[in-house]
Structure formats: structure tokens, C-alpha cells
Amino acid sequence: MKKFIALTVLLLAIAVFFGNYHVVRDKQGLQLVKKSEFGFKETWLDTRDWSPLDYIKHADVSKELAKKHWSDLKRQFESGWDTVTKKFEDVANDIPEDSLVKLQNQAQHKFDELKQRWERQEIDRATLERDLEKVKDWVDERIAELESLNQ
């Protein structure tokens, strides 16, 4: 009898979970998205091959996925800029201040351009991540050049 009760409670918990959440598979993996109302419709969604029309049909899911991905990208962007800023701090004593300020301004401009391209939806997530790495590599190269000139 105890096994039956435990199994019943477990099945009810699973039913409540799937009644309240969409399990969404997208290009970044699995996501949990809260349903706007309880039900078992569209418990599993695979968005990897969705067309724009599919995103419109599932507006609440699309909106939640966009929020999740935007916050992930925002953190990634901030982390990328923090990495670059730390590099500037590490070499502040080795490079003339005017050269360092110029490089910081150029790097900030590159980050801002990339962010604007993303916000205008001119690039996808993979391109954004790739270009973010390119900017970090560019900063590393410029710092190395400036350090070699000052030795």
C-alpha cells in the first residue's frame, strides 16, 4: 500500500510539473518555460527548426525564450567586457596612458557596434559569440603590439 501511495504522489507531482511547464528544445539545449495556464497541451516543443510563423503562433513561449537568451547574452557581453577591462588594468603600468586610453576607446567602440548589430537583429547568437571572441583577440594583439613597442 505504501508503494502505491508513493507512486501515486510521484505521478501527481510529475503531472503538476508538466501541466505547468513547457519543456523546450532549442539550439542552446533544453529550456523550461512556465505555461501561461495549466494544461498538457504543448508540453514538449522543439524549436530548432521553427519558422517565424511558428514563433508567432507560440508568442508566450517565444517571449520567455527571448528573455532567457537575452539575459544569457547580456551576461556573456558583460563578462567579455570585464575580461578586456581587466587586461587593460594589468598592462596599465607598461603602456603609455594615451595609447591605453586610445585602445580602450577603440575596444569600447567595437563592443558597442557588436551590441547594436545584435539589437538590430542583424546577427544570430553564434555570430555574436564568434565576433565577441574576435574583439577579445583583437585587444590581445593590440596590447601585445603596444607592449613590444615599449620594451
# chains A, B, ... in the order shown; residues from 1 in each chain; ligands from 1
>>> residues_around(residues="stretch 43-45 of chain A", least_positions_apart="4", cutoff="7 Å", atoms="only C-alpha atoms", output="number ranges by chain")
A: 18, 21-25
>>> select_by_dssp(residues="chain A", states="strand (DSSP E or B)", output="ChimeraX atom specification")
/A:21-26,29-34,44-46
>>> residues_around(residues="A:Tyr55", least_positions_apart="4", cutoff="12 Å", atoms="only C-alpha atoms", output="short mmCIF file (atom, residue, chain, number, x, y, z; two decimals) with N, CA and C atoms, in the first residue's frame")
data_model
loop_
_atom_site.label_atom_id
_atom_site.label_comp_id
_atom_site.auth_asym_id
_atom_site.auth_seq_id
_atom_site.Cartn_x
_atom_site.Cartn_y
_atom_site.Cartn_z
N LEU A 45 8.24 20.99 -26.78
CA LEU A 45 8.36 21.77 -28.01
C LEU A 45 9.81 21.72 -28.49
N ASP A 46 9.99 21.50 -29.76
CA ASP A 46 11.32 21.52 -30.36
C ASP A 46 11.37 22.72 -31.31
N THR A 47 12.11 23.75 -30.93
CA THR A 47 12.12 25.00 -31.70
C THR A 47 13.30 25.10 -32.66
N ARG A 48 14.10 24.06 -32.77
CA ARG A 48 15.32 24.15 -33.59
C ARG A 48 15.03 24.45 -35.06
N ASP A 49 13.90 24.00 -35.56
CA ASP A 49 13.58 24.22 -36.98
C ASP A 49 12.35 25.10 -37.16
N TRP A 50 12.04 25.91 -36.17
CA TRP A 50 10.86 26.75 -36.28
C TRP A 50 11.05 27.85 -37.31
N SER A 51 9.96 28.17 -37.98
CA SER A 51 9.93 29.31 -38.91
C SER A 51 9.43 30.53 -38.12
N ALA A 59 3.58 32.75 -29.17
CA ALA A 59 4.13 34.03 -28.72
C ALA A 59 4.61 34.01 -27.28
N ASP A 60 3.86 33.37 -26.37
CA ASP A 60 4.28 33.38 -24.97
C ASP A 60 5.57 32.58 -24.77
N VAL A 61 5.70 31.46 -25.45
CA VAL A 61 6.94 30.67 -25.37
C VAL A 61 8.09 31.46 -25.99
N SER A 62 7.84 32.08 -27.12
CA SER A 62 8.88 32.87 -27.81
C SER A 62 9.38 34.00 -26.92
N LYS A 63 8.44 34.67 -26.27
CA LYS A 63 8.81 35.80 -25.41
C LYS A 63 9.69 35.33 -24.24
N GLU A 64 9.31 34.23 -23.62
CA GLU A 64 10.09 33.71 -22.49
C GLU A 64 11.48 33.24 -22.93
N LEU A 65 11.55 32.58 -24.08
CA LEU A 65 12.85 32.15 -24.60
C LEU A 65 13.74 33.36 -24.90
N ALA A 66 13.15 34.38 -25.48
CA ALA A 66 13.91 35.60 -25.79
C ALA A 66 14.46 36.23 -24.52
#
>>> residues_around(residues="stretch 72-84 of chain A", least_positions_apart="3", cutoff="10 Å", atoms="only C-alpha atoms", output="PyMOL selection string")
chain A and resi 66-69+87-90+104+107-108+111+114-115+118+125+128-129+132-133+135-137+139-140
>>> write_last_selection(atoms="N, CA and C atoms", output="CSV table (one decimal), in the first residue's frame")
chain,number,residue,atom,x,y,z
A,66,ALA,N,13.1,34.4,-25.5
A,66,ALA,CA,13.9,35.6,-25.8
A,66,ALA,C,14.5,36.2,-24.5
A,67,LYS,N,13.6,36.3,-23.5
A,67,LYS,CA,14.1,36.8,-22.2
A,67,LYS,C,15.3,36.0,-21.6
A,68,LYS,N,15.2,34.7,-21.7
A,68,LYS,CA,16.2,33.8,-21.2
A,68,LYS,C,17.5,34.0,-22.0
A,69,HIS,N,17.4,34.0,-23.3
A,69,HIS,CA,18.6,34.1,-24.1
A,69,HIS,C,19.2,35.5,-24.0
A,87,LYS,N,42.3,43.2,-18.6
A,87,LYS,CA,43.6,43.2,-19.4
A,87,LYS,C,44.2,44.6,-19.4
A,88,PHE,N,43.3,45.6,-19.6
A,88,PHE,CA,43.8,47.0,-19.6
A,88,PHE,C,44.4,47.3,-18.3
A,89,GLU,N,43.8,46.9,-17.2
A,89,GLU,CA,44.3,47.2,-15.8
A,89,GLU,C,45.7,46.5,-15.6
A,90,ASP,N,45.8,45.3,-16.2
A,90,ASP,CA,47.0,44.5,-16.0
A,90,ASP,C,48.2,45.2,-16.7
A,104,GLN,N,41.4,51.6,-25.3
A,104,GLN,CA,40.2,51.3,-24.6
A,104,GLN,C,39.0,51.9,-25.4
A,107,ALA,N,38.3,49.6,-28.4
A,107,ALA,CA,37.6,48.4,-27.9
A,107,ALA,C,36.2,48.6,-27.5
A,108,GLN,N,35.9,49.7,-26.8
A,108,GLN,CA,34.6,50.1,-26.4
A,108,GLN,C,33.7,50.3,-27.7
A,111,PHE,N,32.8,46.9,-29.1
A,111,PHE,CA,31.8,46.2,-28.3
A,111,PHE,C,30.4,46.8,-28.6
A,114,LEU,N,29.0,45.8,-32.0
A,114,LEU,CA,28.6,44.4,-31.9
A,114,LEU,C,27.2,44.3,-31.2
A,115,LYS,N,27.1,45.0,-30.1
A,115,LYS,CA,25.8,45.1,-29.4
A,115,LYS,C,24.7,45.6,-30.2
A,118,TRP,N,23.5,43.2,-32.8
A,118,TRP,CA,22.7,42.2,-32.1
A,118,TRP,C,21.3,42.7,-31.9
A,125,ARG,N,23.0,34.4,-32.7
A,125,ARG,CA,23.8,34.2,-31.5
A,125,ARG,C,25.2,33.6,-31.8
A,128,LEU,N,27.3,36.4,-33.0
A,128,LEU,CA,27.7,37.3,-31.9
A,128,LEU,C,28.8,36.7,-31.0
A,129,GLU,N,28.7,35.4,-30.6
A,129,GLU,CA,29.7,34.8,-29.8
A,129,GLU,C,31.0,34.8,-30.5
A,132,LEU,N,32.4,38.3,-30.7
A,132,LEU,CA,32.9,38.7,-29.4
A,132,LEU,C,34.3,38.2,-29.1
A,133,GLU,N,34.5,36.9,-29.4
A,133,GLU,CA,35.9,36.4,-29.3
A,133,GLU,C,36.9,37.1,-30.2
A,135,VAL,N,36.8,40.2,-31.1
A,135,VAL,CA,37.2,41.5,-30.4
A,135,VAL,C,38.2,41.3,-29.3
A,136,LYS,N,37.9,40.2,-28.5
A,136,LYS,CA,38.9,40.0,-27.4
A,136,LYS,C,40.3,39.6,-27.9
A,137,ASP,N,40.3,38.8,-29.0
A,137,ASP,CA,41.6,38.5,-29.6
A,137,ASP,C,42.3,39.8,-30.2
A,139,VAL,N,42.0,42.8,-29.1
A,139,VAL,CA,42.5,43.6,-28.0
A,139,VAL,C,43.8,42.9,-27.5
A,140,ASP,N,43.9,41.6,-27.4
A,140,ASP,CA,45.1,40.9,-27.0
A,140,ASP,C,46.3,41.3,-28.0
>>> residues_around(residues="stretch 7-17 of chain A", least_positions_apart="2", cutoff="12 Å", atoms="only C-alpha atoms", output="ChimeraX atom specification")
/A:1-5,19-23,32-35,37-40,43
